[in-house]
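structure.cif (mmCIF, C-alpha atoms) appears below.
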data_model
loop_
_atom_site.label_atom_id
_atom_site.label_comp_id
_atom_site.auth_asym_id
_atom_site.auth_seq_id
_atom_site.Cartn_x
_atom_site.Cartn_y
_atom_site.Cartn_z
CA MET A 1 28.65 -17.95 -21.20
CA PRO A 2 32.26 -17.74 -20.14
CA GLY A 3 33.19 -19.22 -16.78
CA ARG A 4 33.73 -15.83 -15.10
CA GLN A 5 31.81 -13.67 -12.68
CA GLY A 6 30.52 -10.15 -13.33
CA ASN A 7 28.66 -8.70 -16.27
CA HIS A 8 31.91 -7.87 -18.11
CA ALA A 9 31.96 -11.52 -19.19
CA TYR A 10 28.77 -10.91 -21.18
CA ILE A 11 30.31 -7.89 -22.90
CA GLU A 12 33.46 -9.87 -23.71
CA ALA A 13 31.37 -12.74 -25.10
CA TYR A 14 28.72 -10.76 -27.01
CA GLY A 15 30.31 -7.38 -27.75
CA ASN A 16 30.13 -3.78 -26.58
CA ASN A 17 26.69 -3.23 -28.14
CA LEU A 18 25.02 -5.76 -25.86
CA PRO A 19 22.15 -3.96 -24.09
CA LEU A 20 22.49 -3.92 -20.29
CA ASN A 21 19.07 -2.93 -19.02
CA ALA A 22 17.75 -1.65 -15.70
CA HIS A 23 14.95 0.55 -14.44
CA GLN A 24 15.90 4.15 -13.71
CA GLY A 25 15.46 3.71 -9.94
CA THR A 26 17.80 0.73 -9.98
CA ILE A 27 20.38 2.68 -11.96
CA LYS A 28 20.27 5.53 -9.43
CA ALA A 29 20.54 3.12 -6.50
CA PHE A 30 23.59 1.40 -7.98
CA GLU A 31 25.28 4.72 -8.67
CA CYS A 32 25.10 5.42 -4.93
CA VAL A 33 25.65 3.25 -1.87
CA GLN A 34 23.66 0.24 -3.13
CA GLY A 35 26.19 -0.46 -5.89
CA ASN A 36 29.01 -0.81 -3.38
CA ARG A 37 26.80 -2.87 -1.08
CA TRP A 38 25.90 -5.16 -3.98
CA ARG A 39 29.58 -5.72 -4.85
CA THR A 40 30.35 -6.51 -1.19
CA LEU A 41 27.47 -8.99 -0.98
CA MET A 42 28.43 -10.64 -4.26
CA ALA A 43 31.96 -11.18 -2.92
CA GLN A 44 30.52 -12.76 0.24
CA TRP A 45 27.99 -14.94 -1.60
CA THR A 46 30.58 -16.23 -4.08
CA HIS A 47 33.28 -16.83 -1.45
CA GLN A 48 35.37 -14.00 -2.94
CA ALA A 49 35.19 -15.38 -6.52
CA THR A 50 33.89 -12.04 -7.85
CA ILE A 51 36.71 -9.94 -6.40
CA GLY A 52 38.65 -8.31 -9.21
CA THR A 53 35.89 -8.67 -11.79
CA ARG A 54 34.71 -5.61 -13.65
CA VAL A 55 31.16 -4.30 -13.43
CA VAL A 56 30.11 -2.72 -16.72
CA PRO A 57 27.60 0.14 -16.23
CA ILE A 58 24.03 -0.15 -17.46
CA ASN A 59 23.65 1.31 -20.95
CA GLN A 60 19.86 1.27 -21.35
CA SER A 61 17.17 2.61 -19.06
CA LEU A 62 13.77 0.91 -18.95
CA ALA A 63 10.46 2.61 -18.32
CA HIS A 64 8.37 1.47 -15.35
CA GLY A 65 6.37 -1.59 -16.34
CA ALA A 66 8.52 -2.37 -19.37
CA GLU A 67 8.52 -6.01 -20.43
CA PHE A 68 11.03 -8.06 -22.36
CA LYS A 69 9.93 -10.28 -25.21
CA PHE A 70 12.46 -12.99 -26.00
CA GLY A 71 11.00 -15.23 -28.68
CA ASP A 72 8.29 -17.77 -27.96
CA GLY A 73 8.04 -18.27 -24.21
CA SER A 74 4.95 -20.49 -24.44
CA LYS A 75 6.96 -23.68 -23.87
CA ILE A 76 8.74 -22.59 -20.70
CA TYR A 77 6.65 -24.87 -18.48
CA ALA A 78 5.83 -27.65 -20.94
CA ARG A 79 9.18 -28.21 -22.66
CA ASP A 80 10.87 -31.60 -22.69
CA GLY A 81 13.06 -32.14 -19.65
CA ARG A 82 11.14 -29.64 -17.54
CA MET A 83 12.03 -29.54 -13.87
CA LEU A 84 8.64 -30.71 -12.58
CA SER A 85 7.16 -33.98 -13.78
CA ASP A 86 3.86 -34.38 -11.93
CA ARG A 87 1.23 -32.60 -9.85
CA GLN A 88 2.82 -33.63 -6.52
CA GLU A 89 6.15 -32.07 -7.52
CA LEU A 90 4.31 -28.89 -8.49
CA LEU A 91 2.64 -28.75 -5.06
CA GLN A 92 6.01 -29.30 -3.37
CA HIS A 93 7.59 -26.59 -5.49
CA VAL A 94 4.90 -24.04 -4.60
CA ALA A 95 5.28 -24.92 -0.90
CA SER A 96 9.05 -24.57 -1.17
CA CYS A 97 8.73 -21.16 -2.82
CA ASN A 98 6.29 -20.06 -0.11
CA ALA A 99 8.74 -21.11 2.60
CA SER A 100 11.87 -19.68 0.99
CA LEU A 101 10.19 -16.36 0.22
CA ASN A 102 8.55 -16.29 3.67
CA SER A 103 5.27 -15.41 1.93
CA GLY A 104 3.05 -16.68 4.74
CA LEU A 105 0.58 -18.41 2.44
CA PHE A 106 -1.84 -20.89 3.95
CA PRO A 107 -1.88 -24.45 2.56
CA GLU A 108 -5.15 -23.82 0.73
CA GLU A 109 -3.56 -20.77 -0.96
CA GLU A 110 -0.62 -22.93 -2.03
CA LEU A 111 -3.11 -25.41 -3.50
CA GLY A 112 -4.84 -22.61 -5.38
CA ILE A 113 -1.57 -21.33 -6.85
CA ALA A 114 -0.52 -24.85 -7.84
CA ALA A 115 -3.94 -25.47 -9.43
CA TRP A 116 -3.70 -22.23 -11.40
CA GLN A 117 -0.14 -23.04 -12.54
CA ASN A 118 -1.22 -26.54 -13.52
CA GLN A 119 -4.25 -25.34 -15.46
CA ARG A 120 -2.34 -22.59 -17.23
CA ASN A 121 1.08 -24.15 -17.80
CA TYR A 122 1.67 -27.77 -16.81
CA HIS A 123 -1.54 -29.70 -17.56
CA PHE A 124 -0.74 -32.56 -15.17
CA ASP A 125 -3.50 -35.10 -14.51
CA GLN A 126 -5.49 -34.51 -11.35
#

Mind turning this structure into structure tokens?
Amino acid sequence: MPGRQGNHAYIEAYGNNLPLNAHQGTIKAFECVQGNRWRTLMAQWTHQATIGTRVVPINQSLAHGAEFKFGDGSKIYARDGRMLSDRQELLQHVASCNASLNSGLFPEEELGIAAWQNQRNYHFDQ
């Protein structure tokens, strides 16, 4: 990925036929006020690094509930060099997500989510 901001960098790197996908409601929102608000926020969040970049319009609409399938995703949690290396780190990660998302989960709910993630994806020793 080129060292530039904005989705035009993807088009420049991968060509004009690269699908840029969004749900219809998102497309409508960005065609109105939300698109300008997004560009303003991106400039603020990147300390003005995105100013002057080009935003290429979406060229493919997705149906509600559409899913992407990009190859074999079964190794996303168990690949070598994964971010989490043991059960304690998984618990800390779930707690961090709860706090940053302001989800309001109780500690026992965090434990349940971590246990489910561990059973399904990580397979750390108890």

I want to know what sits within 12 Å of A:Trp116, based on all atoms listed in the file, with residues of the same chain fewer than 6 positions away left out; could you give that as a PDB file with C-alpha atoms, in the frame of the given file?
ATOM      1  CA  ARG A  87       1.230 -32.600  -9.850  1.00  0.00           C
ATOM      2  CA  LEU A  90       4.310 -28.890  -8.490  1.00  0.00           C
ATOM      3  CA  LEU A  91       2.640 -28.750  -5.060  1.00  0.00           C
ATOM      4  CA  VAL A  94       4.900 -24.040  -4.600  1.00  0.00           C
ATOM      5  CA  GLU A 109      -3.560 -20.770  -0.960  1.00  0.00           C
ATOM      6  CA  GLU A 110      -0.620 -22.930  -2.030  1.00  0.00           C
ATOM      7  CA  TYR A 122       1.670 -27.770 -16.810  1.00  0.00           C
ATOM      8  CA  HIS A 123      -1.540 -29.700 -17.560  1.00  0.00           C
ATOM      9  CA  PHE A 124      -0.740 -32.560 -15.170  1.00  0.00           C
TER      10      PHE A 124
END

How many Å lie between atom CA of A:Glu31 and atom CA of A:Ile58, rounded to one decimal? 10.1 Å

From the list A:Val56, A:Leu18, A:Leu84, A:Ala66, the nearest residue to A:Asn121 using all atoms listed in the file is A:Leu84

Expand the PyMOL selection byres ((chain A and resi 19-23) around 10) into the explicit residue set it covers here, and present it as a list in words.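 Evaluating the PyMOL selection byres ((chain A and resi 19-23) around 10) on this file yields Asn7, Tyr10, Ile11, Tyr14, Gly15, Asn16, Asn17, Leu18, Gln24, Gly25, Thr26, Ile27, Lys28, Val56, Pro57, Ile58, Asn59, Gln60, Ser61, Leu62, Ala63, His64, Gly65 and Ala66 of chain A.
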
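Note that the spacing between atom CA of A:Gln92 and atom CA of A:Ile113 amounts to 11.5 Å.
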
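If you measure from each of A:Thr50, A:Ala114, A:Gln119, A:Ser85 to A:Cys97 using all atoms listed in the file, the closest one turns out to be A:Ala114.
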
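From atom CA of A:Asp125 back to atom CA of A:Gln88, the distance works out to 10.3 Å.
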
Shell of 9 Å around A:His8, only C-alpha atoms, local chain residues under 6 positions omitted, as a ChimeraX atom specification: /A:53-56

Once you add 3 Å to each side, what are the centre and edge lengths of the axis-aligned box holding all listed atoms of stretch 4-21 of chain A? One decimal in Å, as JSON, if you can.
{"center_x": 26.4, "center_y": -9.4, "center_z": -20.4, "size_x": 20.7, "size_y": 18.9, "size_z": 21.5}
